[in-house]
>>> print(open('input_13.cif').read())   # mmCIF, C-alpha atoms
data_target
loop_
_atom_site.label_atom_id
_atom_site.label_comp_id
_atom_site.auth_asym_id
_atom_site.auth_seq_id
_atom_site.Cartn_x
_atom_site.Cartn_y
_atom_site.Cartn_z
CA MET U 1 113.53 102.04 88.11
CA LYS U 2 109.79 102.49 88.62
CA ASN U 3 110.08 101.64 92.30
CA PRO U 4 111.49 104.68 94.18
CA HIS U 5 113.01 102.40 96.81
CA ILE U 6 115.12 100.48 94.27
CA LEU U 7 118.33 101.90 92.85
CA LEU U 8 120.83 100.36 90.41
CA LEU U 9 124.46 101.30 91.02
CA SER U 10 127.01 100.29 88.37
CA LEU U 11 130.76 100.51 88.92
CA SER U 12 133.55 100.70 86.35
CA LEU U 13 136.98 99.93 87.78
CA PRO U 14 140.33 101.30 86.54
CA THR U 15 142.04 99.28 83.83
CA PRO U 16 144.18 96.76 85.72
CA PRO U 17 147.86 96.37 84.81
CA LEU U 18 149.15 92.98 83.73
CA GLU U 19 150.52 92.10 87.17
CA THR U 20 147.11 92.53 88.85
CA VAL U 21 144.94 89.44 89.35
CA PHE U 22 141.20 89.90 88.67
CA VAL U 23 138.62 87.13 89.10
CA GLY U 24 135.52 87.57 86.96
CA GLY U 25 136.38 91.22 86.34
CA LEU U 26 136.79 91.97 90.07
CA PRO U 27 139.68 91.76 92.57
CA PHE U 28 139.67 88.56 94.62
CA GLY U 29 137.57 88.83 97.76
CA ALA U 30 135.40 91.63 96.33
CA ILE U 31 132.11 89.67 96.42
CA GLU U 32 132.64 88.67 100.05
CA ALA U 33 133.58 92.24 100.98
CA ILE U 34 130.38 93.61 99.41
CA LYS U 35 128.18 91.11 101.23
CA ALA U 36 129.92 91.78 104.55
CA SER U 37 129.68 95.56 104.15
CA TYR U 38 126.09 95.98 102.93
CA GLY U 39 124.19 92.87 103.98
CA VAL U 40 120.60 92.53 102.75
CA ILE U 41 120.46 96.06 101.35
CA VAL U 42 122.56 95.16 98.30
CA GLN U 43 122.01 92.45 95.70
CA ILE U 44 124.76 91.71 93.15
CA LEU U 45 123.41 91.41 89.61
CA ASP U 46 125.07 88.86 87.35
CA PRO U 47 125.97 89.74 84.66
CA PRO U 48 126.58 93.46 85.26
CA ARG U 49 125.44 96.13 82.85
CA ASP U 50 127.42 96.48 79.63
CA GLY U 51 130.62 98.45 80.08
CA PHE U 52 130.76 97.98 83.86
CA ASN U 53 132.57 95.57 86.16
CA LEU U 54 129.86 95.45 88.81
CA THR U 55 126.16 96.30 89.12
CA LEU U 56 124.45 96.48 92.51
CA LYS U 57 120.72 96.59 93.21
CA LEU U 58 120.07 98.71 96.30
CA ASN U 59 116.88 98.30 98.31
CA LEU U 60 116.60 101.64 100.12
CA SER U 61 113.52 100.52 102.07
CA LYS U 62 115.81 98.28 104.14
CA LEU U 63 117.99 101.11 105.40
CA PRO U 64 118.22 101.34 109.21
CA GLN U 65 115.74 103.60 110.97
CA ASP U 66 118.40 105.12 113.20
CA GLU U 67 119.71 108.32 111.61
CA ASP U 68 123.38 107.76 112.53
CA GLN U 69 123.38 104.15 111.30
CA ARG U 70 121.64 105.21 108.09
CA HIS U 71 124.22 107.93 107.45
CA THR U 72 127.11 105.54 108.13
CA LEU U 73 125.71 102.95 105.71
CA LEU U 74 125.07 105.53 102.98
CA VAL U 75 128.64 106.79 103.28
CA LYS U 76 129.86 103.20 102.92
CA ILE U 77 127.68 102.76 99.82
CA ALA U 78 129.19 105.92 98.35
CA SER U 79 132.63 104.37 99.02
CA VAL U 80 131.85 101.16 97.13
CA ARG U 81 134.84 101.68 94.83
CA GLU U 82 137.28 101.47 97.73
CA VAL U 83 135.39 98.53 99.22
CA VAL U 84 135.85 96.60 95.97
CA LEU U 85 139.44 97.61 95.21
CA GLY U 86 140.52 97.20 98.83
CA ALA U 87 139.03 93.70 99.16
CA PRO U 88 142.33 91.81 98.64
CA LEU U 89 144.02 94.13 101.12
CA ARG U 90 141.32 93.39 103.69
CA VAL U 91 141.72 89.63 103.23
CA ILE U 92 145.48 89.79 103.77
CA LEU U 93 145.28 92.15 106.76
CA LYS U 94 142.61 89.99 108.41
CA HIS U 95 145.09 87.12 108.40
CA LEU U 96 147.73 89.45 109.77
CA ALA U 97 145.44 90.31 112.70
CA SER U 98 145.30 86.61 113.55
CA ARG U 99 149.07 86.30 112.88
CA THR U 100 148.68 83.94 109.95
CA VAL U 101 149.55 84.10 106.27
CA ALA U 102 146.67 84.03 103.80
CA PRO U 103 146.67 80.76 101.83
CA ASP U 104 147.17 80.60 98.07
CA ILE U 105 148.78 84.06 98.02
CA ASP U 106 151.70 84.84 95.72
CA GLN U 107 154.96 86.33 96.90
CA PHE U 108 153.81 89.72 95.59
CA VAL U 109 150.22 90.86 95.41
CA ALA U 110 149.55 93.78 93.05
CA LEU U 111 146.45 95.86 93.75
CA VAL U 112 145.09 98.29 91.16
CA HIS U 113 144.21 101.78 92.41
CA ARG U 114 144.61 103.93 89.27
CA PRO U 115 144.35 103.17 85.53
CA ASN U 116 147.26 100.89 84.60
CA GLU U 117 148.89 101.51 88.01
CA SER U 118 149.12 99.31 91.07
CA PHE U 119 150.74 99.08 94.48
CA PHE U 120 152.23 95.98 96.03
CA LEU U 121 151.73 93.83 99.11
CA VAL U 122 154.37 91.46 100.45
CA PRO U 123 152.52 89.07 102.82
CA GLN U 124 155.36 86.63 103.36
CA GLN U 125 155.44 86.74 107.17
CA ALA U 126 152.76 86.23 109.80
CA GLU U 127 154.06 89.16 111.88
CA LYS U 128 154.00 91.90 109.26
CA VAL U 129 152.80 92.91 105.80
CA THR U 130 154.89 95.28 103.69
CA VAL U 131 152.99 97.71 101.45
CA VAL U 132 154.91 99.52 98.68
CA PHE U 133 153.56 102.41 96.62
CA PRO U 134 155.36 103.43 93.42
CA MET U 135 154.50 107.13 93.23
CA ARG U 136 153.85 108.34 89.68
CA PHE U 137 152.84 111.81 88.53
CA LYS U 138 152.38 113.12 85.00
CA ASP U 139 153.20 116.78 85.69
CA SER U 140 156.82 117.69 86.47
CA ILE U 141 155.76 120.27 89.08
CA ASP U 142 153.58 117.69 90.82
CA THR U 143 156.54 115.32 90.86
CA VAL U 144 158.78 117.87 92.62
CA LEU U 145 156.10 118.78 95.16
CA ALA U 146 155.23 115.13 95.84
CA THR U 147 158.89 114.22 96.39
CA SER U 148 159.30 117.01 98.94
CA PHE U 149 155.99 116.14 100.62
CA LEU U 150 156.85 112.45 100.92
CA GLN U 151 160.24 113.19 102.45
CA GLU U 152 158.58 115.39 105.08
CA PHE U 153 155.91 112.71 105.54
CA MET U 154 158.62 110.18 106.39
CA GLU U 155 160.34 112.59 108.80
CA SER U 156 157.10 113.39 110.63
CA ARG U 157 156.73 109.70 111.51
CA ARG U 158 159.70 110.09 113.87
CA THR U 159 157.92 112.51 116.18
CA ALA U 160 156.95 111.25 119.62
CA GLY U 161 153.21 111.55 119.05
CA LEU U 162 153.33 109.14 116.08
CA SER U 163 155.42 106.42 117.65
CA ASN U 164 152.58 103.87 117.27
CA ALA U 165 151.99 104.63 113.58
CA PRO U 166 153.20 102.13 110.96
CA PRO U 167 156.90 102.56 110.06
CA CYS U 168 157.22 104.58 106.85
CA LEU U 169 160.16 104.80 104.44
CA TRP U 170 160.75 106.74 101.24
CA SER U 171 163.43 105.95 98.68
CA LYS U 172 164.26 106.82 95.09
CA THR U 173 164.91 103.18 94.20
CA PRO U 174 162.61 100.16 94.64
CA PRO U 175 162.90 98.47 98.06
CA LEU U 176 164.46 95.05 98.35
CA GLU U 177 161.05 93.47 99.02
CA LEU U 178 160.17 94.00 95.35
CA LYS U 179 163.22 92.21 94.00
CA GLY U 180 162.10 90.23 90.97
CA VAL U 181 159.38 92.63 89.84
CA THR U 182 159.88 93.89 86.29
CA ASP U 183 161.16 97.42 85.63
CA ASP U 184 157.97 98.44 83.83
CA GLU U 185 155.93 97.65 86.93
CA LEU U 186 158.29 99.71 89.10
CA SER U 187 158.45 102.88 87.03
CA ALA U 188 158.06 105.78 89.47
CA ASN U 189 159.23 109.38 89.07
CA ALA U 190 158.50 110.41 92.68
CA GLY U 191 160.12 107.48 94.47
CA PHE U 192 158.69 104.64 96.51
CA VAL U 193 156.81 104.76 99.81
CA THR U 194 156.94 101.68 102.03
CA PHE U 195 154.69 100.97 105.01
CA VAL U 196 155.21 98.08 107.41
CA ILE U 197 151.85 96.99 108.84
CA LEU U 198 152.00 95.09 112.12
CA PRO U 199 149.22 93.11 113.87
CA ARG U 200 148.56 95.95 116.33
CA HIS U 201 147.63 98.21 113.40
CA VAL U 202 144.74 95.96 112.29
CA GLU U 203 143.27 94.82 115.58
CA GLY U 204 139.51 95.22 115.98
CA ARG U 205 138.13 98.42 114.47
CA LYS U 206 141.58 99.52 113.32
CA LEU U 207 141.27 97.15 110.35
CA ASP U 208 138.70 99.28 108.49
CA ARG U 209 140.67 102.48 109.02
CA THR U 210 143.95 100.88 107.91
CA VAL U 211 142.37 99.42 104.77
CA TRP U 212 140.82 102.80 103.91
CA ASN U 213 144.04 104.77 104.52
CA LEU U 214 146.13 102.43 102.39
CA SER U 215 143.55 102.21 99.60
CA THR U 216 143.33 106.00 99.31
CA PHE U 217 146.98 106.87 100.02
CA HIS U 218 147.81 108.03 96.49
CA ALA U 219 144.68 110.22 96.44
CA TYR U 220 145.74 111.62 99.83
CA VAL U 221 149.16 112.60 98.49
CA ASN U 222 147.72 113.98 95.26
CA TYR U 223 145.25 116.10 97.25
CA HIS U 224 148.01 117.72 99.30
CA VAL U 225 150.17 118.26 96.21
CA LYS U 226 147.34 120.11 94.45
CA CYS U 227 146.59 122.14 97.58
CA SER U 228 150.26 123.11 97.90
CA GLU U 229 150.39 124.11 94.25
CA GLY U 230 147.25 126.21 94.59
CA PHE U 231 148.58 127.85 97.77
CA MET U 232 151.85 128.81 96.08
CA HIS U 233 150.00 130.19 93.06
CA SER U 234 147.82 132.36 95.30
CA ARG U 235 150.92 133.60 97.18
CA MET U 236 152.64 134.47 93.91
CA ARG U 237 149.56 136.33 92.66
CA ARG U 238 149.37 138.35 95.88
CA ARG U 239 153.08 139.13 95.62
CA VAL U 240 152.73 140.32 92.03
CA GLU U 241 149.75 142.48 92.98
CA SER U 242 151.74 144.10 95.83
CA LEU U 243 154.66 144.81 93.49
CA ILE U 244 152.36 146.39 90.91
CA GLN U 245 150.82 148.53 93.64
CA ALA U 246 154.27 149.67 94.78
CA LEU U 247 155.23 150.57 91.22
CA ASN U 248 152.04 152.53 90.75
CA CYS U 249 152.75 154.52 93.92
CA ALA U 250 156.25 155.34 92.68
CA LYS U 251 155.05 156.91 89.43
CA PRO U 252 155.20 160.76 89.41
CA ASP U 253 151.96 162.69 89.08
CA GLN U 254 151.64 163.73 85.46
CA GLU U 255 149.47 166.79 86.13
CA LYS U 256 151.65 168.27 88.88
CA THR U 257 154.98 167.80 87.18
CA LYS U 258 153.92 168.90 83.73
CA LYS U 259 155.52 172.25 82.94
CA THR U 260 153.84 174.54 80.44
CA PRO U 261 156.33 176.57 78.33
CA GLN U 262 156.14 180.37 78.64
CA THR U 263 156.03 182.03 75.22
CA ARG U 264 156.23 185.65 74.26
CA SER U 265 154.18 187.17 71.46
CA PHE U 266 155.36 190.03 69.25
CA LYS U 267 153.17 192.47 67.32
CA ARG U 268 154.33 193.42 63.88
CA LEU U 269 154.52 197.21 63.46
CA ASN U 270 154.37 199.07 60.17
CA LEU U 271 156.43 202.13 59.29
CA LYS U 272 153.68 204.63 60.23
CA ASP U 273 153.24 203.10 63.70
CA SER U 274 156.96 203.21 64.35
CA ARG U 275 157.20 206.97 63.49
CA THR U 276 154.22 207.71 65.77
CA ASN U 277 155.82 205.86 68.66
CA SER U 278 159.14 207.70 68.05
CA SER U 279 157.57 211.18 68.06
CA SER U 280 155.63 210.41 71.19
#
>>> encode(input="input_13.cif", output="structure tokens")
Amino acid sequence: MKNPHILLLSLSLPTPPLETVFVGGLPFGAIEAIKASYGVIVQILDPPRDGFNLTLKLNLSKLPQDEDQRHTLLVKIASVREVVLGAPLRVILKHLASRTVAPDIDQFVALVHRPNESFFLVPQQAEKVTVVFPMRFKDSIDTVLATSFLQEFMESRRTAGLSNAPPCLWSKTPPLELKGVTDDELSANAGFVTFVILPRHVEGRKLDRTVWNLSTFHAYVNYHVKCSEGFMHSRMRRRVESLIQALNCAKPDQEKTKKTPQTRSFKRLNLKDSRTNSSS
């Protein structure tokens, strides 16, 4: 744009699976979430640019003058993807905070968070919302590490310091809350993680944090899996280097142990020389 205070931001969302409901190319509640998060700074352009689900026009001249508020808003703009994808989750959890069930909501709500992958909400009761993540990984090593990590993640919830955290369960098979969902939608090679969100987890400012943590949970697990894999690789490299060093120290010194053979030389004598030596 010619105006330095105007910026166009276009967003392409992951390909939604069949069970996910999109309205006008966006999850339901996304437009309201954008307006509530950014206010007058952002204008939604309709239609968006070709190849994108959403195009926003940012007016940077309307950013707050306070440095902390400006930084907070810019971070939220950089997180627009999670604001859009987490919009249905925010709508449902807002009703949970008021102990009501969101109207016109199906028995299962599938939310896209990765290409052709989704996680599920079960908002059937006013006192709780069940969130289920089918954990899928392409690499076999990542699958093993993620399974071990998730089991430890579930066990850590039982410590005294985390007694107020949402209940967390891990299982190899789909939980009973997802009974009726097709097998293709529930394919998971690292099991299923279930969170039970209660009203006390979404009261006041806790709502934003809970929405963010749930929207980025798979990325959180994937981050720790990759860090664990990198840590083990570095440990193995250091171990191999120490073994090579030990082998090098055990090698004998070639120069000290090399033995040179002692040879004797003989001089050929003729008949005249032999007679001279005999007479002498």
>>> resolve_selection(input="input_13.cif", expression="the PyMOL selection byres ((chain U and resi 24) around 12)", output="short mmCIF file (atom, residue, chain, number, x, y, z; two decimals) with C-alpha atoms, keeping the file's coordinate frame")
data_model
loop_
_atom_site.label_atom_id
_atom_site.label_comp_id
_atom_site.auth_asym_id
_atom_site.auth_seq_id
_atom_site.Cartn_x
_atom_site.Cartn_y
_atom_site.Cartn_z
CA VAL U 21 144.94 89.44 89.35
CA PHE U 22 141.20 89.90 88.67
CA VAL U 23 138.62 87.13 89.10
CA GLY U 25 136.38 91.22 86.34
CA LEU U 26 136.79 91.97 90.07
CA PRO U 27 139.68 91.76 92.57
CA PHE U 28 139.67 88.56 94.62
CA GLY U 29 137.57 88.83 97.76
CA ALA U 30 135.40 91.63 96.33
CA ILE U 31 132.11 89.67 96.42
CA ASP U 46 125.07 88.86 87.35
CA PRO U 47 125.97 89.74 84.66
CA PRO U 48 126.58 93.46 85.26
CA PHE U 52 130.76 97.98 83.86
CA ASN U 53 132.57 95.57 86.16
CA LEU U 54 129.86 95.45 88.81
#
>>> closest_residue(input="input_13.cif", among="U:Ala126, U:Ile6, U:Leu111, U:Leu89", to="Pro199 (chain U)", atoms="only C-alpha atoms")
U:Ala126
>>> closest_residue(input="input_13.cif", among="U:Leu13, U:Ile77, U:Leu93, U:His218", to="Val42 (chain U)", atoms="only C-alpha atoms")
U:Ile77
>>> atom_distance(input="input_13.cif", atom1="CA of Gly39 (chain U)", atom2="CA of Asp104 (chain U)")
26.7 Å
>>> residues_around(input="input_13.cif", residues="Cys227 (chain U)", least_positions_apart="5", cutoff="12 Å", atoms="only C-alpha atoms", output="list in words")
Asp142, Leu145, Ala146, Phe149, Tyr220, Val221, Asn222, Met232, His233 and Ser234 of chain U
>>> resolve_selection(input="input_13.cif", expression="the PyMOL selection byres ((chain U and resi 106-110) around 10)", output="JSON, numbers by chain")
{"U": [16, 17, 18, 19, 20, 21, 88, 89, 92, 102, 103, 104, 105, 111, 112, 113, 117, 118, 119, 120, 121, 122, 123, 124, 130, 131, 132, 177, 178, 179, 180, 181, 185]}
>>> atom_distance(input="input_13.cif", atom1="CA of Phe192 (chain U)", atom2="CA of Pro134 (chain U)")
4.7 Å
>>> resolve_selection(input="input_13.cif", expression="the PyMOL selection byres ((chain U and resi 197) around 10)", output="list in words")
Leu93, Leu96, Pro123, Glu127, Lys128, Val129, Thr130, Val131, Ala165, Pro166, Pro167, Cys168, Thr194, Phe195, Val196, Leu198, Pro199, Arg200, His201, Val202 and Thr210 of chain U
>>> closest_residue(input="input_13.cif", among="U:Thr15, U:Ala33, U:Gly191, U:Lys206", to="Gly86 (chain U)", atoms="only C-alpha atoms")
U:Ala33
>>> atom_distance(input="input_13.cif", atom1="CA of Ala97 (chain U)", atom2="CA of Arg209 (chain U)")
13.6 Å
>>> residues_around(input="input_13.cif", residues="Ser61 (chain U)", least_positions_apart="3", cutoff="10 Å", atoms="all atoms listed in the file", output="CSV table (one decimal) with C-alpha atoms, keeping the file's coordinate frame")
chain,number,residue,atom,x,y,z
U,4,PRO,CA,111.5,104.7,94.2
U,5,HIS,CA,113.0,102.4,96.8
U,6,ILE,CA,115.1,100.5,94.3
U,41,ILE,CA,120.5,96.1,101.4
U,58,LEU,CA,120.1,98.7,96.3
U,64,PRO,CA,118.2,101.3,109.2
U,65,GLN,CA,115.7,103.6,111.0
>>> closest_residue(input="input_13.cif", among="U:Gln125, U:Thr173, U:Thr147, U:Asn213", to="Ser98 (chain U)", atoms="all atoms listed in the file")
U:Gln125
>>> closest_residue(input="input_13.cif", among="U:Ser10, U:Asn248, U:Thr72, U:Ser215", to="Thr55 (chain U)", atoms="only C-alpha atoms")
U:Ser10
>>> residues_around(input="input_13.cif", residues="Ala188 (chain U)", least_positions_apart="5", cutoff="10 Å", atoms="all atoms listed in the file", output="ChimeraX atom specification")
/U:133-137,143,172-174,183
